[in-house]
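A.B. asks: Next comes my_file.cif, mmCIF, C-alpha atoms and all ligand atoms; chains and numbers go by the auth columns:
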```
data_run
#
loop_
_atom_site.group_PDB
_atom_site.id
_atom_site.type_symbol
_atom_site.label_atom_id
_atom_site.label_comp_id
_atom_site.label_asym_id
_atom_site.label_seq_id
_atom_site.Cartn_x
_atom_site.Cartn_y
_atom_site.Cartn_z
_atom_site.B_iso_or_equiv
_atom_site.auth_seq_id
_atom_site.auth_asym_id
ATOM 1 C CA MET A 1 0.000 0.000 0.000 0.00 1 Q
ATOM 2 C CA LYS A 2 1.418 3.369 -1.049 0.00 2 Q
ATOM 3 C CA LEU A 3 0.945 6.394 1.174 0.00 3 Q
ATOM 4 C CA LEU A 4 2.226 9.936 1.415 0.00 4 Q
ATOM 5 C CA LEU A 5 3.400 11.897 4.445 0.00 5 Q
ATOM 6 C CA CYS A 6 3.361 15.679 4.315 0.00 6 Q
ATOM 7 C CA LYS A 7 6.135 16.992 6.569 0.00 7 Q
ATOM 8 C CA LYS A 8 4.459 20.425 6.636 0.00 8 Q
ATOM 9 C CA CYS A 9 1.057 19.381 8.091 0.00 9 Q
ATOM 10 C CA ASN A 10 1.903 15.809 9.245 0.00 10 Q
ATOM 11 C CA HIS A 11 -1.014 14.387 7.266 0.00 11 Q
ATOM 12 C CA ILE A 12 -0.534 10.773 6.168 0.00 12 Q
ATOM 13 C CA PHE A 13 -2.904 9.420 3.544 0.00 13 Q
ATOM 14 C CA SER A 14 -3.207 6.481 1.193 0.00 14 Q
ATOM 15 C CA LEU A 15 -3.462 6.936 -2.554 0.00 15 Q
ATOM 16 C CA ALA A 16 -6.313 6.211 -4.951 0.00 16 Q
ATOM 17 C CA SER A 17 -6.819 6.587 -8.685 0.00 17 Q
ATOM 18 C CA GLN A 18 -8.327 9.993 -8.041 0.00 18 Q
ATOM 19 C CA GLU A 19 -5.778 12.531 -6.844 0.00 19 Q
ATOM 20 C CA ARG A 20 -5.602 13.014 -3.079 0.00 20 Q
ATOM 21 C CA ILE A 21 -4.167 16.091 -1.367 0.00 21 Q
ATOM 22 C CA CYS A 22 -2.956 16.682 2.198 0.00 22 Q
ATOM 23 C CA GLU A 23 -4.655 19.065 4.595 0.00 23 Q
ATOM 24 C CA CYS A 24 -2.335 21.995 3.777 0.00 24 Q
ATOM 25 C CA ASN A 25 -2.445 21.356 -0.012 0.00 25 Q
ATOM 26 C CA ALA A 26 1.359 21.023 -0.276 0.00 26 Q
ATOM 27 C CA THR A 27 1.457 17.268 -0.991 0.00 27 Q
ATOM 28 C CA LYS A 28 -0.492 15.234 -3.507 0.00 28 Q
ATOM 29 C CA GLY A 29 -0.468 11.973 -5.394 0.00 29 Q
ATOM 30 C CA ARG A 30 -2.490 9.326 -7.224 0.00 30 Q
ATOM 31 C CA TYR A 31 -2.270 5.892 -8.766 0.00 31 Q
ATOM 32 C CA ILE A 32 -1.915 5.925 -12.542 0.00 32 Q
ATOM 33 C CA ASP A 33 -2.673 2.187 -12.834 0.00 33 Q
ATOM 34 C CA GLU A 34 -2.882 -0.871 -10.541 0.00 34 Q
ATOM 35 C CA ILE A 35 0.781 -0.641 -9.456 0.00 35 Q
ATOM 36 C CA ASN A 36 2.276 2.694 -10.454 0.00 36 Q
ATOM 37 C CA ALA A 37 1.706 6.013 -8.734 0.00 37 Q
ATOM 38 C CA VAL A 38 2.927 9.579 -8.968 0.00 38 Q
ATOM 39 C CA TYR A 39 3.312 12.202 -6.252 0.00 39 Q
ATOM 40 C CA SER A 40 4.562 15.725 -5.795 0.00 40 Q
ATOM 41 C CA GLY A 41 5.225 18.440 -3.272 0.00 41 Q
ATOM 42 C CA GLU A 42 8.098 20.145 -1.506 0.00 42 Q
ATOM 43 C CA PHE A 43 7.366 18.412 1.840 0.00 43 Q
ATOM 44 C CA VAL A 44 6.393 14.951 0.579 0.00 44 Q
ATOM 45 C CA VAL A 45 7.716 11.620 1.878 0.00 45 Q
ATOM 46 C CA PRO A 46 6.581 8.448 0.077 0.00 46 Q
ATOM 47 C CA LEU A 47 5.658 5.618 2.460 0.00 47 Q
ATOM 48 C CA GLY A 48 4.753 1.967 2.071 0.00 48 Q
ATOM 49 C CA PHE A 49 2.913 -0.530 4.274 0.00 49 Q
ATOM 50 C CA THR A 50 3.646 -4.191 3.705 0.00 50 Q
ATOM 51 C CA ASN A 51 0.099 -5.375 3.046 0.00 51 Q
ATOM 52 C CA THR A 52 0.515 -8.888 4.438 0.00 52 Q
ATOM 53 C CA SER A 53 2.028 -7.647 7.705 0.00 53 Q
ATOM 54 C CA LEU A 54 -0.753 -5.067 8.117 0.00 54 Q
ATOM 55 C CA LEU A 55 -3.424 -7.727 7.553 0.00 55 Q
ATOM 56 C CA ASN A 56 -1.713 -10.009 10.082 0.00 56 Q
ATOM 57 C CA ALA A 57 -1.505 -7.200 12.632 0.00 57 Q
ATOM 58 C CA ILE A 58 -5.219 -6.459 12.170 0.00 58 Q
ATOM 59 C CA LYS A 59 -6.016 -10.159 12.585 0.00 59 Q
ATOM 60 C CA ASN A 60 -3.889 -10.308 15.745 0.00 60 Q
ATOM 61 C CA GLN A 61 -5.048 -7.021 17.265 0.00 61 Q
ATOM 62 C CA PRO A 62 -4.595 -7.369 21.025 0.00 62 Q
ATOM 63 C CA GLN A 63 -7.375 -6.503 23.455 0.00 63 Q
ATOM 64 C CA THR A 64 -4.984 -4.656 25.782 0.00 64 Q
ATOM 65 C CA GLY A 65 -1.310 -3.943 26.275 0.00 65 Q
ATOM 66 C CA LEU A 66 1.081 -3.147 23.475 0.00 66 Q
ATOM 67 C CA GLY A 67 -0.115 -2.849 19.906 0.00 67 Q
ATOM 68 C CA GLU A 68 0.615 -5.385 17.188 0.00 68 Q
ATOM 69 C CA LEU A 69 3.525 -4.327 14.973 0.00 69 Q
ATOM 70 C CA PHE A 70 3.430 -4.274 11.196 0.00 70 Q
ATOM 71 C CA THR A 71 5.958 -3.213 8.575 0.00 71 Q
ATOM 72 C CA ALA A 72 6.008 0.311 7.231 0.00 72 Q
ATOM 73 C CA PHE A 73 8.881 1.842 5.308 0.00 73 Q
ATOM 74 C CA VAL A 74 10.072 5.004 3.614 0.00 74 Q
ATOM 75 C CA ILE A 75 10.190 4.379 -0.114 0.00 75 Q
ATOM 76 C CA PRO A 76 13.460 5.240 -1.876 0.00 76 Q
ATOM 77 C CA LYS A 77 13.688 8.509 -3.773 0.00 77 Q
ATOM 78 C CA ASP A 78 14.286 6.515 -6.944 0.00 78 Q
ATOM 79 C CA CYS A 79 11.476 3.968 -7.214 0.00 79 Q
ATOM 80 C CA SER A 80 10.234 2.669 -10.570 0.00 80 Q
ATOM 81 C CA THR A 81 6.595 2.320 -9.367 0.00 81 Q
ATOM 82 C CA PHE A 82 6.279 5.472 -7.246 0.00 82 Q
ATOM 83 C CA ILE A 83 7.489 8.456 -9.198 0.00 83 Q
ATOM 84 C CA TYR A 84 8.155 11.972 -7.941 0.00 84 Q
ATOM 85 C CA GLU A 85 6.817 14.622 -10.261 0.00 85 Q
ATOM 86 C CA LYS A 86 8.368 18.035 -9.973 0.00 86 Q
ATOM 87 C CA ASN A 87 5.525 20.506 -10.535 0.00 87 Q
ATOM 88 C CA ASP A 88 5.372 24.291 -10.650 0.00 88 Q
HETATM 89 ZN ZN ZN B . 0.399 19.129 3.986 0.00 1 U
#
```
Written as structure tokens, how would this file's structure read?
Ligand SMILES: [Zn+2]
C.D. replies:
Amino acid sequence: MKLLLCKKCNHIFSLASQERICECNATKGRYIDEINAVYSGEFVVPLGFTNTSLLNAIKNQPQTGLGELFTAFVIPKDCSTFIYEKND
């Protein structure tokens, strides 16, 4: 799952085929097909959740105590399926 973090407003949001924009309008992105996505903005950080680990964490959600960990990662600046577009 591809997501974007805006370092200006701290909004984190997942992408869809329709363009999504952070709360301060500085960061935006969208899927261009099933796998590939584009994003832009001066304060943007591309993020990924490992889908299988997220699903496992949801399945194993504890009733109390510590939360169940899952894998999230910062996507490299050069990524063939998540492409930074320099606008403006
Ligand atoms: Zn923002």
A.B. asks: For the file shown, report as a ChimeraX atom specification the outcome of the PyMOL selection byres (((chain Q and resi 74) around 6) and not hetatm) at residue level.
C.D. replies: /Q:47,73,75
A.B. asks: Counting all atoms listed in the file, what residues are within 10 Å of ligand ZN 1 (chain U), given as a ChimeraX atom specification?
C.D. replies: /Q:4-12,21-28,41-44
A.B. asks: If we count all atoms listed in the file, what is near Tyr31 in chain Q at a cut-off of 9 Å, once residues fewer than 6 positions away on the same chain are taken out, given as a PyMOL selection string?
C.D. replies: chain Q and resi 2+15-19+37-39+82
A.B. asks: Please list as a list in words every residue within 6 Å of range 48-50 of chain Q, counting only C-alpha atoms and excluding residues in the same chain fewer than 2 positions away.
C.D. replies: Met1, Lys2, Leu3, Thr52, Ser53, Thr71, Ala72 and Phe73 of chain Q
A.B. asks: What does the structure give for the distance between CA of Glu34 in chain Q and CA of Lys77 in chain Q, in Å to one decimal?
C.D. replies: 20.2 Å
A.B. asks: In Å to one decimal, how far is CA of Leu55 in chain Q from CA of Arg20 in chain Q?
C.D. replies: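 We find that CA of Arg20 in chain Q and CA of Leu55 in chain Q lie 23.4 Å from each other.
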A.B. asks: Distance CA of Arg30 in chain Q-CA of Ser14 in chain Q, one decimal place?
C.D. replies: 8.9 Å
A.B. asks: From the set Q:Asp33, Q:Asp78, Q:Glu85, Q:Glu68, which residue has the shortest atom-to-atom contact distance to Asn56 in chain Q, counting all atoms listed in the file?
C.D. replies: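 Looking only at the distances to Asn56 in chain Q, the closest residue turns out to be Q:Glu68.
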A.B. asks: Report as a ChimeraX atom specification all protein, DNA and RNA residues lying within 10 Å of Leu69 in chain Q, evaluated on only C-alpha atoms, omitting residues in the same chain fewer than 4 positions from it.
C.D. replies: /Q:53-54,56-58,60-61
A.B. asks: For each of Q:Ser40, Q:Gly29, Q:Phe13, Q:Lys59, take the minimum atom-to-atom distance to Lys86 in chain Q, counting all atoms listed in the file, then give the residue where this is smallest.
C.D. replies: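 Ranking Q:Ser40, Q:Gly29, Q:Phe13, Q:Lys59 by distance to Lys86 in chain Q, first place goes to Q:Ser40.
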A.B. asks: Which one is closest to Pro46 in chain Q: Q:Asn87, Q:Pro62, Q:Ile32, Q:Cys79? Count all atoms listed in the file.
C.D. replies: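 Smallest separation from Pro46 in chain Q among the options: Q:Cys79.
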A.B. asks: Would you compute the box with edges along x, y and z of the file around range 23-39 of chain Q, including every atom the file lists for it and 4 Å extra on each side, and give its centre and edge lengths in Å to one decimal, as JSON?
C.D. replies:
```
{"center_x": -0.7, "center_y": 10.6, "center_z": -4.1, "size_x": 16.0, "size_y": 30.9, "size_z": 25.4}
```
A.B. asks: Export range 33-52 of chain Q from the structure block above, keeping N, CA, C and O atoms, as a PDB file, in the first residue's frame.
C.D. replies:
```
ATOM      1  N   ASP Q  33      -2.125   3.494 -12.456  1.00  0.00           N
ATOM      2  CA  ASP Q  33      -2.673   2.187 -12.834  1.00  0.00           C
ATOM      3  C   ASP Q  33      -2.673   1.321 -11.573  1.00  0.00           C
ATOM      4  O   ASP Q  33      -2.571   1.845 -10.469  1.00  0.00           O
ATOM      5  N   GLU Q  34      -2.770   0.014 -11.710  1.00  0.00           N
ATOM      6  CA  GLU Q  34      -2.882  -0.871 -10.541  1.00  0.00           C
ATOM      7  C   GLU Q  34      -1.646  -0.814  -9.640  1.00  0.00           C
ATOM      8  O   GLU Q  34      -1.758  -1.023  -8.429  1.00  0.00           O
ATOM      9  N   ILE Q  35      -0.476  -0.544 -10.202  1.00  0.00           N
ATOM     10  CA  ILE Q  35       0.781  -0.641  -9.456  1.00  0.00           C
ATOM     11  C   ILE Q  35       1.488   0.696  -9.328  1.00  0.00           C
ATOM     12  O   ILE Q  35       2.050   1.011  -8.292  1.00  0.00           O
ATOM     13  N   ASN Q  36       1.467   1.477 -10.379  1.00  0.00           N
ATOM     14  CA  ASN Q  36       2.276   2.694 -10.454  1.00  0.00           C
ATOM     15  C   ASN Q  36       1.525   3.916  -9.931  1.00  0.00           C
ATOM     16  O   ASN Q  36       0.320   4.059 -10.145  1.00  0.00           O
ATOM     17  N   ALA Q  37       2.292   4.789  -9.268  1.00  0.00           N
ATOM     18  CA  ALA Q  37       1.706   6.013  -8.734  1.00  0.00           C
ATOM     19  C   ALA Q  37       2.676   7.165  -8.910  1.00  0.00           C
ATOM     20  O   ALA Q  37       3.883   6.963  -9.075  1.00  0.00           O
ATOM     21  N   VAL Q  38       2.127   8.364  -8.879  1.00  0.00           N
ATOM     22  CA  VAL Q  38       2.927   9.579  -8.968  1.00  0.00           C
ATOM     23  C   VAL Q  38       2.584  10.468  -7.777  1.00  0.00           C
ATOM     24  O   VAL Q  38       1.489  10.383  -7.216  1.00  0.00           O
ATOM     25  N   TYR Q  39       3.545  11.305  -7.378  1.00  0.00           N
ATOM     26  CA  TYR Q  39       3.312  12.202  -6.252  1.00  0.00           C
ATOM     27  C   TYR Q  39       4.160  13.448  -6.440  1.00  0.00           C
ATOM     28  O   TYR Q  39       5.097  13.469  -7.235  1.00  0.00           O
ATOM     29  N   SER Q  40       3.816  14.483  -5.682  1.00  0.00           N
ATOM     30  CA  SER Q  40       4.562  15.725  -5.795  1.00  0.00           C
ATOM     31  C   SER Q  40       4.400  16.549  -4.528  1.00  0.00           C
ATOM     32  O   SER Q  40       3.512  16.294  -3.706  1.00  0.00           O
ATOM     33  N   GLY Q  41       5.286  17.524  -4.396  1.00  0.00           N
ATOM     34  CA  GLY Q  41       5.225  18.440  -3.272  1.00  0.00           C
ATOM     35  C   GLY Q  41       6.587  18.616  -2.620  1.00  0.00           C
ATOM     36  O   GLY Q  41       7.378  17.677  -2.570  1.00  0.00           O
ATOM     37  N   GLU Q  42       6.814  19.797  -2.118  1.00  0.00           N
ATOM     38  CA  GLU Q  42       8.098  20.145  -1.506  1.00  0.00           C
ATOM     39  C   GLU Q  42       8.338  19.371  -0.204  1.00  0.00           C
ATOM     40  O   GLU Q  42       9.473  19.111   0.173  1.00  0.00           O
ATOM     41  N   PHE Q  43       7.247  19.005   0.493  1.00  0.00           N
ATOM     42  CA  PHE Q  43       7.366  18.412   1.840  1.00  0.00           C
ATOM     43  C   PHE Q  43       6.985  16.934   1.848  1.00  0.00           C
ATOM     44  O   PHE Q  43       6.736  16.354   2.902  1.00  0.00           O
ATOM     45  N   VAL Q  44       6.930  16.310   0.688  1.00  0.00           N
ATOM     46  CA  VAL Q  44       6.393  14.951   0.579  1.00  0.00           C
ATOM     47  C   VAL Q  44       7.419  13.885   0.956  1.00  0.00           C
ATOM     48  O   VAL Q  44       8.611  14.018   0.687  1.00  0.00           O
ATOM     49  N   VAL Q  45       6.933  12.831   1.620  1.00  0.00           N
ATOM     50  CA  VAL Q  45       7.716  11.620   1.878  1.00  0.00           C
ATOM     51  C   VAL Q  45       6.858  10.428   1.452  1.00  0.00           C
ATOM     52  O   VAL Q  45       5.755  10.244   1.979  1.00  0.00           O
ATOM     53  N   PRO Q  46       7.352   9.621   0.500  1.00  0.00           N
ATOM     54  CA  PRO Q  46       6.581   8.448   0.077  1.00  0.00           C
ATOM     55  C   PRO Q  46       6.760   7.304   1.078  1.00  0.00           C
ATOM     56  O   PRO Q  46       7.876   7.004   1.501  1.00  0.00           O
ATOM     57  N   LEU Q  47       5.649   6.695   1.468  1.00  0.00           N
ATOM     58  CA  LEU Q  47       5.658   5.618   2.460  1.00  0.00           C
ATOM     59  C   LEU Q  47       5.011   4.367   1.881  1.00  0.00           C
ATOM     60  O   LEU Q  47       4.165   4.453   0.986  1.00  0.00           O
ATOM     61  N   GLY Q  48       5.391   3.224   2.435  1.00  0.00           N
ATOM     62  CA  GLY Q  48       4.753   1.967   2.071  1.00  0.00           C
ATOM     63  C   GLY Q  48       4.409   1.169   3.310  1.00  0.00           C
ATOM     64  O   GLY Q  48       5.127   1.215   4.308  1.00  0.00           O
ATOM     65  N   PHE Q  49       3.259   0.475   3.273  1.00  0.00           N
ATOM     66  CA  PHE Q  49       2.913  -0.530   4.274  1.00  0.00           C
ATOM     67  C   PHE Q  49       3.038  -1.875   3.579  1.00  0.00           C
ATOM     68  O   PHE Q  49       2.577  -2.022   2.441  1.00  0.00           O
ATOM     69  N   THR Q  50       3.656  -2.833   4.237  1.00  0.00           N
ATOM     70  CA  THR Q  50       3.646  -4.191   3.705  1.00  0.00           C
ATOM     71  C   THR Q  50       2.264  -4.780   3.974  1.00  0.00           C
ATOM     72  O   THR Q  50       1.880  -4.980   5.131  1.00  0.00           O
ATOM     73  N   ASN Q  51       1.511  -5.006   2.907  1.00  0.00           N
ATOM     74  CA  ASN Q  51       0.099  -5.375   3.046  1.00  0.00           C
ATOM     75  C   ASN Q  51      -0.108  -6.616   3.908  1.00  0.00           C
ATOM     76  O   ASN Q  51      -0.991  -6.646   4.761  1.00  0.00           O
ATOM     77  N   THR Q  52       0.719  -7.644   3.687  1.00  0.00           N
ATOM     78  CA  THR Q  52       0.515  -8.888   4.438  1.00  0.00           C
ATOM     79  C   THR Q  52       0.760  -8.666   5.930  1.00  0.00           C
ATOM     80  O   THR Q  52       0.026  -9.207   6.764  1.00  0.00           O
TER      81      THR Q  52
END
```
